[in-house]
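> Next comes run-v7.txt, compact mmCIF, C-alpha atoms:
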# COMPACT_ATOMS: atom_id res chain seq x y z
CA MET A 1148 59.36 -53.17 49.76
CA SER A 1149 57.01 -50.73 51.41
CA ASP A 1150 53.27 -51.36 51.72
CA ILE A 1151 53.72 -55.04 50.90
CA ILE A 1152 51.23 -57.37 52.59
CA THR A 1153 52.78 -60.72 53.51
CA VAL A 1154 50.65 -63.84 54.07
CA THR A 1155 52.21 -67.04 55.49
CA HIS A 1156 50.86 -70.58 55.53
CA SER A 1157 51.40 -71.42 59.18
CA LYS A 1158 51.74 -75.20 58.80
CA SER A 1159 54.47 -75.12 56.16
CA GLY A 1160 56.03 -71.66 56.15
CA SER A 1161 55.22 -71.03 52.48
CA SER A 1162 54.34 -67.37 51.91
CA PHE A 1163 53.46 -64.69 49.40
CA GLY A 1164 53.74 -60.92 49.35
CA ILE A 1165 51.36 -58.62 47.49
CA SER A 1166 51.36 -54.91 46.72
CA PRO A 1167 47.98 -53.14 46.85
CA PHE A 1168 49.16 -51.12 43.82
CA GLY A 1169 47.64 -53.01 40.91
CA ALA A 1170 47.06 -56.02 43.19
CA THR A 1171 50.51 -57.26 42.18
CA VAL A 1172 51.90 -60.39 43.82
CA VAL A 1173 55.63 -59.66 44.31
CA SER A 1174 56.86 -62.72 46.20
CA TYR A 1175 56.11 -66.44 46.50
CA LYS A 1176 58.38 -68.52 48.71
CA SER A 1177 57.59 -72.22 48.80
CA ALA A 1178 58.68 -74.41 51.68
CA SER A 1179 58.83 -77.49 49.47
CA ASN A 1180 61.19 -76.26 46.73
CA GLY A 1181 64.62 -75.44 48.11
CA GLY A 1182 63.45 -74.64 51.63
CA GLY A 1183 61.91 -71.23 51.07
CA ARG A 1184 63.14 -70.49 47.55
CA GLU A 1185 61.85 -67.27 45.99
CA ASN A 1186 59.94 -68.34 42.90
CA LEU A 1187 59.14 -64.90 41.49
CA PHE A 1188 61.52 -62.39 39.97
CA VAL A 1189 61.27 -58.67 40.77
CA SER A 1190 63.72 -56.27 39.15
CA LYS A 1191 66.16 -54.55 41.50
CA LEU A 1192 65.12 -51.30 39.77
CA ALA A 1193 61.35 -51.89 39.95
CA LYS A 1194 59.30 -48.83 40.91
CA LEU A 1195 57.41 -49.57 44.11
CA ASP A 1196 56.06 -46.06 44.69
CA GLY A 1197 53.01 -46.36 42.44
CA SER A 1198 54.55 -44.32 39.62
CA LYS A 1199 54.38 -47.21 37.14
CA ALA A 1200 53.56 -50.90 36.98
CA ILE A 1201 55.85 -53.08 39.08
CA ARG A 1202 58.49 -54.79 36.95
CA GLY A 1203 58.20 -58.33 38.23
CA GLY A 1204 56.04 -60.63 40.30
CA ILE A 1205 52.60 -61.26 38.79
CA PRO A 1206 51.29 -58.02 37.25
CA LEU A 1207 47.72 -58.23 35.98
CA VAL A 1208 47.01 -57.28 32.37
CA PHE A 1209 43.46 -56.07 31.62
CA PRO A 1210 41.47 -55.21 29.49
CA ILE A 1211 43.84 -55.49 26.53
CA PHE A 1212 47.23 -57.03 25.81
CA GLY A 1213 49.47 -55.72 23.06
CA PRO A 1214 48.11 -54.26 19.84
CA PRO A 1215 44.49 -55.27 19.21
CA PRO A 1216 44.11 -57.96 16.66
CA ALA A 1217 49.41 -85.53 51.24
CA ASP A 1218 47.14 -83.28 53.43
CA SER A 1219 48.94 -79.99 53.49
CA GLY A 1220 46.47 -78.34 55.86
CA SER A 1221 44.46 -75.22 55.18
CA THR A 1222 45.42 -72.33 52.91
CA ALA A 1223 46.20 -68.73 53.77
CA GLY A 1224 44.96 -65.98 51.49
CA ILE A 1225 43.84 -62.48 50.69
CA SER A 1226 41.42 -60.76 48.29
CA LEU A 1227 41.97 -57.37 46.64
CA THR A 1228 39.51 -55.50 44.40
CA LEU A 1229 40.08 -53.15 41.45
CA ASP A 1230 37.40 -51.07 39.72
CA LEU A 1231 36.94 -49.54 36.27
CA ALA A 1232 39.09 -46.53 37.17
CA ASP A 1233 42.04 -48.86 37.80
CA ALA A 1234 41.57 -50.51 34.41
CA SER A 1235 41.40 -47.19 32.55
CA ALA A 1236 43.68 -44.83 34.50
CA GLY A 1237 46.96 -46.34 33.35
CA ARG A 1238 45.82 -47.15 29.82
CA GLY A 1239 48.20 -47.09 26.89
CA THR A 1240 47.39 -45.83 23.40
CA ASN A 1241 46.07 -49.26 22.40
CA ASN A 1242 43.61 -49.43 25.32
CA MET A 1243 40.41 -47.84 24.12
CA TRP A 1244 38.78 -47.94 27.53
CA SER A 1245 38.37 -44.65 29.34
CA GLU A 1246 36.04 -43.54 32.12
CA GLU A 1247 34.50 -40.96 29.78
CA GLN A 1248 33.73 -43.48 27.02
CA ALA A 1249 32.56 -46.03 29.57
CA LYS A 1250 29.84 -43.62 30.72
CA VAL A 1251 28.63 -43.28 27.13
CA ASP A 1252 28.67 -47.02 26.45
CA GLY A 1253 27.42 -48.17 29.86
CA THR A 1254 30.63 -50.13 30.45
CA ASN A 1255 31.55 -50.98 34.03
CA CYS A 1256 33.45 -53.78 35.69
CA ARG A 1257 35.00 -54.94 38.91
CA LEU A 1258 38.13 -57.05 39.16
CA THR A 1259 38.87 -59.14 42.22
CA LEU A 1260 42.11 -61.01 42.76
CA ASP A 1261 41.94 -63.90 45.23
CA VAL A 1262 45.34 -65.25 46.31
CA LYS A 1263 45.90 -68.38 48.38
CA VAL A 1264 49.04 -70.24 49.42
CA ASP A 1265 49.51 -73.69 50.89
CA ALA A 1266 52.49 -75.99 51.42
CA THR A 1267 53.11 -76.69 47.74
CA SER A 1268 51.28 -74.10 45.62
CA LEU A 1269 50.21 -70.51 45.03
CA THR A 1270 46.78 -69.93 43.49
CA THR A 1271 45.78 -66.59 41.97
CA VAL A 1272 42.21 -66.19 40.70
CA LEU A 1273 41.25 -63.06 38.75
CA VAL A 1274 37.49 -62.50 38.69
CA VAL A 1275 36.10 -60.02 36.16
CA GLU A 1276 32.53 -58.93 36.89
CA ASN A 1277 30.51 -57.04 34.30
CA ASN A 1278 28.41 -54.77 36.48
CA GLY A 1279 27.53 -52.36 33.68
CA SER A 1280 24.80 -52.36 31.04
CA ASP A 1281 27.04 -53.10 28.03
CA ALA A 1282 28.64 -56.40 26.99
CA PHE A 1283 32.38 -56.23 26.33
CA ASN A 1284 35.27 -58.30 25.06
CA PHE A 1285 38.57 -58.26 26.92
CA ASN A 1286 42.03 -59.69 27.24
CA CYS A 1287 43.56 -60.61 30.57
CA LEU A 1288 46.85 -62.17 31.54
CA GLN A 1289 48.71 -63.06 34.67
CA HIS A 1290 52.09 -61.69 33.60
CA THR A 1291 54.18 -64.03 35.75
CA TYR A 1292 57.92 -63.42 36.12
CA PHE A 1293 59.59 -66.65 37.25
CA ALA A 1294 62.98 -66.36 38.98
CA VAL A 1295 65.80 -68.33 37.38
CA ASP A 1296 68.69 -69.38 39.60
CA GLY A 1297 72.36 -68.99 38.74
CA GLY A 1298 71.83 -66.52 35.88
CA ALA A 1299 70.82 -69.49 33.72
CA ALA A 1300 67.85 -68.09 31.76
CA GLN A 1301 69.66 -68.33 28.40
CA ILE A 1302 71.08 -71.82 29.07
CA PRO A 1303 68.72 -74.23 27.25
CA ASP A 1304 69.15 -77.25 29.51
CA GLN A 1305 68.58 -75.14 32.62
CA CYS A 1306 65.74 -72.82 31.59
CA TYR A 1307 62.93 -74.06 29.36
CA VAL A 1308 59.17 -74.45 29.03
CA HIS A 1309 57.72 -77.90 28.42
CA GLY A 1310 54.04 -78.56 27.75
CA LEU A 1311 53.16 -76.26 24.83
CA GLY A 1312 53.62 -78.89 22.13
CA GLY A 1313 51.07 -78.36 19.35
CA TYR A 1314 50.44 -74.69 20.19
CA SER A 1315 50.90 -72.27 17.27
CA VAL A 1316 53.26 -69.31 17.44
CA ILE A 1317 52.82 -65.56 17.02
CA ASP A 1318 56.40 -64.27 17.18
CA LYS A 1319 56.81 -60.56 17.90
CA VAL A 1320 60.57 -60.70 17.28
CA ASP A 1321 60.77 -62.88 14.16
CA SER A 1322 57.57 -63.00 12.13
CA SER A 1323 58.96 -65.83 9.99
CA ASN A 1324 58.02 -68.12 12.89
CA ASP A 1325 54.35 -67.09 12.84
CA GLY A 1326 52.01 -70.04 12.49
CA LYS A 1327 54.62 -72.68 13.27
CA LEU A 1328 53.71 -75.38 15.75
CA VAL A 1329 55.69 -75.86 18.95
CA PRO A 1330 57.64 -79.15 18.98
CA GLU A 1331 57.05 -81.58 21.79
CA ASP A 1332 60.58 -81.14 23.16
CA GLY A 1333 59.73 -77.68 24.44
CA ILE A 1334 60.92 -74.08 24.31
CA ALA A 1335 64.25 -72.58 25.34
CA LEU A 1336 65.47 -68.98 25.33
CA ARG A 1337 67.97 -68.00 22.66
CA GLY A 1338 68.33 -64.25 22.63
CA GLU A 1339 65.25 -62.05 22.81
CA VAL A 1340 62.00 -64.00 23.00
CA ASP A 1341 58.52 -62.47 22.78
CA ARG A 1342 56.00 -65.02 21.58
CA VAL A 1343 52.32 -65.77 21.99
CA TYR A 1344 51.53 -69.47 21.98
CA VAL A 1345 47.95 -69.93 20.80
CA HIS A 1346 46.02 -72.87 22.18
CA PRO A 1347 45.10 -75.82 19.96
CA GLU A 1348 41.42 -76.23 19.16
CA GLY A 1349 39.45 -77.49 22.16
CA HIS A 1350 42.39 -77.08 24.52
CA SER A 1351 41.21 -75.04 27.49
CA THR A 1352 43.97 -75.58 30.07
CA VAL A 1353 47.62 -74.56 29.99
CA SER A 1354 49.87 -76.97 31.90
CA VAL A 1355 53.63 -76.39 31.67
CA ARG A 1356 56.81 -77.32 33.50
CA ILE A 1357 59.40 -74.57 33.65
CA GLY A 1358 63.12 -75.06 34.20
CA VAL A 1359 64.31 -72.39 36.63
CA GLY A 1360 68.03 -73.17 36.91
CA GLY A 1361 70.02 -75.35 39.27
CA GLY A 1362 68.16 -78.45 38.10
CA LYS A 1363 64.91 -77.14 39.64
CA THR A 1364 61.53 -76.94 37.96
CA VAL A 1365 58.17 -75.43 38.81
CA LYS A 1366 54.81 -76.35 37.33
CA MET A 1367 52.17 -73.86 36.24
CA GLU A 1368 48.54 -74.56 35.31
CA ALA A 1369 45.96 -72.04 34.15
CA PHE A 1370 42.32 -72.22 33.11
CA GLY A 1371 39.41 -69.86 32.61
CA GLU A 1372 35.64 -69.64 32.51
CA VAL A 1373 33.17 -67.13 31.13
CA GLY A 1374 29.87 -67.66 32.84
CA GLU A 1375 30.13 -71.35 33.64
CA SER A 1376 31.74 -72.40 30.36
CA PRO A 1377 35.45 -73.26 30.02
CA VAL A 1378 37.34 -71.02 27.60
CA PRO A 1379 40.69 -71.47 25.82
CA VAL A 1380 43.88 -70.20 27.45
CA SER A 1381 46.94 -69.11 25.49
CA CYS A 1382 50.43 -68.46 26.85
CA VAL A 1383 53.10 -65.80 26.33
CA VAL A 1384 56.83 -66.46 26.85
CA TRP A 1385 59.09 -63.40 27.16
CA ASN A 1386 62.69 -62.56 27.91
CA PRO A 1387 64.18 -59.21 26.79
CA SER A 1388 67.78 -60.40 26.34
CA VAL A 1389 70.67 -57.92 26.17
CA GLU A 1390 69.54 -54.88 24.19
CA LYS A 1391 65.95 -54.67 25.44
CA ALA A 1392 67.15 -55.09 29.03
CA LYS A 1393 69.49 -52.12 28.63
CA ALA A 1394 66.64 -50.03 27.20
CA MET A 1395 64.34 -50.48 30.22
CA SER A 1396 64.82 -47.95 33.01
CA ASP A 1397 63.34 -50.26 35.65
CA PHE A 1398 65.32 -53.36 34.71
CA GLY A 1399 69.00 -54.16 35.40
CA ASP A 1400 71.22 -54.58 32.35
CA GLU A 1401 72.13 -58.18 33.23
CA GLN A 1402 68.89 -59.26 34.90
CA TYR A 1403 67.52 -60.90 31.77
CA LYS A 1404 69.67 -63.84 32.89
CA ASP A 1405 67.63 -64.15 36.08
CA MET A 1406 64.06 -64.45 34.80
CA ILE A 1407 61.62 -65.91 32.34
CA CYS A 1408 58.06 -64.67 31.89
CA VAL A 1409 55.52 -67.41 31.27
CA GLU A 1410 52.17 -65.67 31.11
CA PRO A 1411 48.86 -67.50 30.71
CA GLY A 1412 46.10 -65.39 29.23
CA LEU A 1413 42.60 -65.09 27.82
CA LEU A 1414 43.39 -63.30 24.57
CA GLY A 1415 40.02 -62.61 23.03
CA HIS A 1416 39.14 -66.12 21.93
CA GLN A 1417 36.47 -66.33 24.62
CA PRO A 1418 32.83 -65.12 24.40
CA ILE A 1419 32.06 -61.50 25.21
CA LEU A 1420 31.16 -60.85 28.84
CA SER A 1421 27.47 -59.99 29.16
CA PRO A 1422 26.02 -57.67 31.83
CA GLY A 1423 25.60 -59.46 35.15
CA LYS A 1424 28.06 -62.22 34.21
CA GLU A 1425 31.58 -62.89 35.42
CA ALA A 1426 34.75 -64.43 34.07
CA ARG A 1427 37.22 -66.32 36.25
CA PHE A 1428 40.86 -66.84 35.32
CA THR A 1429 42.97 -69.10 37.54
CA GLN A 1430 46.72 -69.67 37.69
CA ILE A 1431 48.28 -72.28 40.01
CA ILE A 1432 52.03 -72.43 40.56
CA PHE A 1433 53.30 -75.67 42.09
CA ALA A 1434 56.76 -75.25 43.60
If you convert what's in this file into structure tokens, what do you get?


Amino acid sequence: MSDIITVTHSKSGSSFGISPFGATVVSYKSASNGGGRENLFVSKLAKLDGSKAIRGGIPLVFPIFGPPPADSGSTAGISLTLDLADASAGRGTNNMWSEEQAKVDGTNCRLTLDVKVDATSLTTVLVVENNGSDAFNFNCLQHTYFAVDGGAAQIPDQCYVHGLGGYSVIDKVDSSNDGKLVPEDGIALRGEVDRVYVHPEGHSTVSVRIGVGGGKTVKMEAFGEVGESPVPVSCVVWNPSVEKAKAMSDFGDEQYKDMICVEPGLLGHQPILSPGKEARFTQIIFA
């Protein structure tokens, strides 16, 4: 991967790699889980030349998602900054932000991604600063692709998500599941999965354990703040399965077996971000 910045935790050997394009983390190798196991999935066909978003790692989603509606020693880290132009330049038809409209409305923002690694975890903190004159609402996600060993993503006892019991479902594949509550025994992949799991009332932290094949698990926690107030975090689980995988030009036909996306997000259930204020959205992967 060209132009990838690699940061290594000297005491343990854990490391991460990040692309300046979109501030996308593309690798996280943890010394504690399998002696340097790669925890993140990146498609073998991912575009790394800046022509489109990188298919894998931890892409950042902002300002909108989908249609509107023991002592381990010090850490090693890096900070990358994105501005309004980055948020608007690659916008889809559902992203109403543009540089032209922002000038009219007085909208401006700065996004900073702080990334730190230590012996047992990777922490990514997305900071959204409103440095304009207009308040705005937003969505943001850390669109994390977890690597699954042994092609086991569609094997329920090998790949699963535990910890979303009591969350309600918005199912983009089968709307008959909308509004159902997640059972306590967790979520497994059976065919195509594209679901938003909406936080229970008063539940501001996502904490899940993810089966990643070979009997291994990783833990992910995520939480957010607007101003200094905690805000609710939802979670998306995605796997394209057979047909969707074949339809994506930057994704191998069989690679759906090698990944699961578990994506914490602030999906509009938080207060609007007032001028001069900032939002912070933190994901921690323990592996």

> Grab the atom CA of A:Leu1311 to atom CA of A:Ile1165 distance for me, in Å with one decimal place.

28.8 Å

> Quick one: which stretch 1360-1427 of chain A residues come within 10 Å of stretch 1182-1196 of chain A, and what is the nearest atom pair for each with the distance in Å to one decimal, counting all atoms listed in the file, rows ordered by chain and ascending number, as a tab-separated table?


residue	atom	partner	partner_atom	distance
A:Val1365	CA	A:Asn1186	CA	8.4
A:Met1395	CA	A:Leu1192	CA	9.6
A:Ser1396	CA	A:Leu1192	CA	7.6
A:Asp1397	CA	A:Leu1192	CA	4.6
A:Phe1398	CA	A:Leu1192	CA	5.5
A:Gly1399	CA	A:Leu1192	CA	6.5
A:Gln1402	CA	A:Ser1190	CA	7.3
A:Tyr1403	CA	A:Ser1190	CA	9.5
A:Asp1405	CA	A:Phe1188	CA	7.5
A:Met1406	CA	A:Phe1188	CA	6.1
A:Ile1407	CA	A:Phe1188	CA	8.4
A:Cys1408	CA	A:Phe1188	CA	9.1

> With all atoms listed in the file as the counted atoms, please give the residues lying no more than 6 Å from stretch 1373-1377 of chain A, apart from itself and same-chain residues fewer than 6 positions off, as a list of chain:residue names.

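Non-adjacent residues within range: A:Lys1424, A:Glu1425, A:Ala1426.
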
> Could you check which of A:Pro1387, A:Gly1313, A:Gly1160, A:Gly1326 is closest to A:Ser1268, using only C-alpha atoms?

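Between A:Pro1387, A:Gly1313, A:Gly1160, A:Gly1326, the residue approaching A:Ser1268 most closely is A:Gly1160.
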
> Would you list the contacts of A:Phe1212 as a PyMOL selection string, taking every protein, DNA or RNA residue within 8 Å and counting only C-alpha atoms, but skipping same-chain residues closer than 3 positions in sequence?

chain A and resi 1208-1209+1215+1286-1288+1414

> Just want the 10 Å neighbourhood of stretch 1173-1175 of chain A, counted on all atoms listed in the file, with same-chain residues fewer than 5 positions away dropped. Output as number ranges by chain.

A: 1148, 1151-1155, 1161-1166, 1183-1189, 1201-1206, 1264, 1268-1269, 1291-1293, 1432, 1434

> Could you check which of A:Ser1245, A:Ser1159, A:Asn1278, A:Thr1171 is closest to A:Asp1265, using all atoms listed in the file?

A:Ser1159

> Do you know which residues are at most 6 Å from stretch 1334-1346 of chain A counting only C-alpha atoms, after dropping those on the same chain fewer than 2 positions away, and could you put them as a list of chain:residue names?

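Contacts, in chain order: A:Gln1301, A:Pro1303, A:Tyr1307, A:Val1308, A:Tyr1314, A:Ser1315, A:Val1316, A:Ile1317, A:Asp1318, A:Lys1319, A:Ser1381, A:Cys1382, A:Val1383, A:Val1384, A:Trp1385, A:Asn1386, A:Pro1387, A:Ser1388.
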
> How many Å separate atom CA of A:Asp1281 from atom CA of A:Asp1252?

6.5 Å

> One number please: atom CA of A:Ala1294 to atom CA of A:Thr1259, in Å, one decimal.

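Here the two named atoms are 25.4 Å from each other.
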
> Contacts of A:Lys1363 at 9 Å or less, counting only C-alpha atoms, minus same-chain residues fewer than 5 places along, as a PyMOL selection string?

chain A and resi 1180-1181+1296+1305+1357-1358

> Which of these, A:Ser1354, A:Ser1177, A:Gln1289, A:Asn1324, has the shortest distance to A:Val1272 once you count all atoms listed in the file?

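Residue with the minimum atom-to-atom distance to A:Val1272: A:Gln1289.
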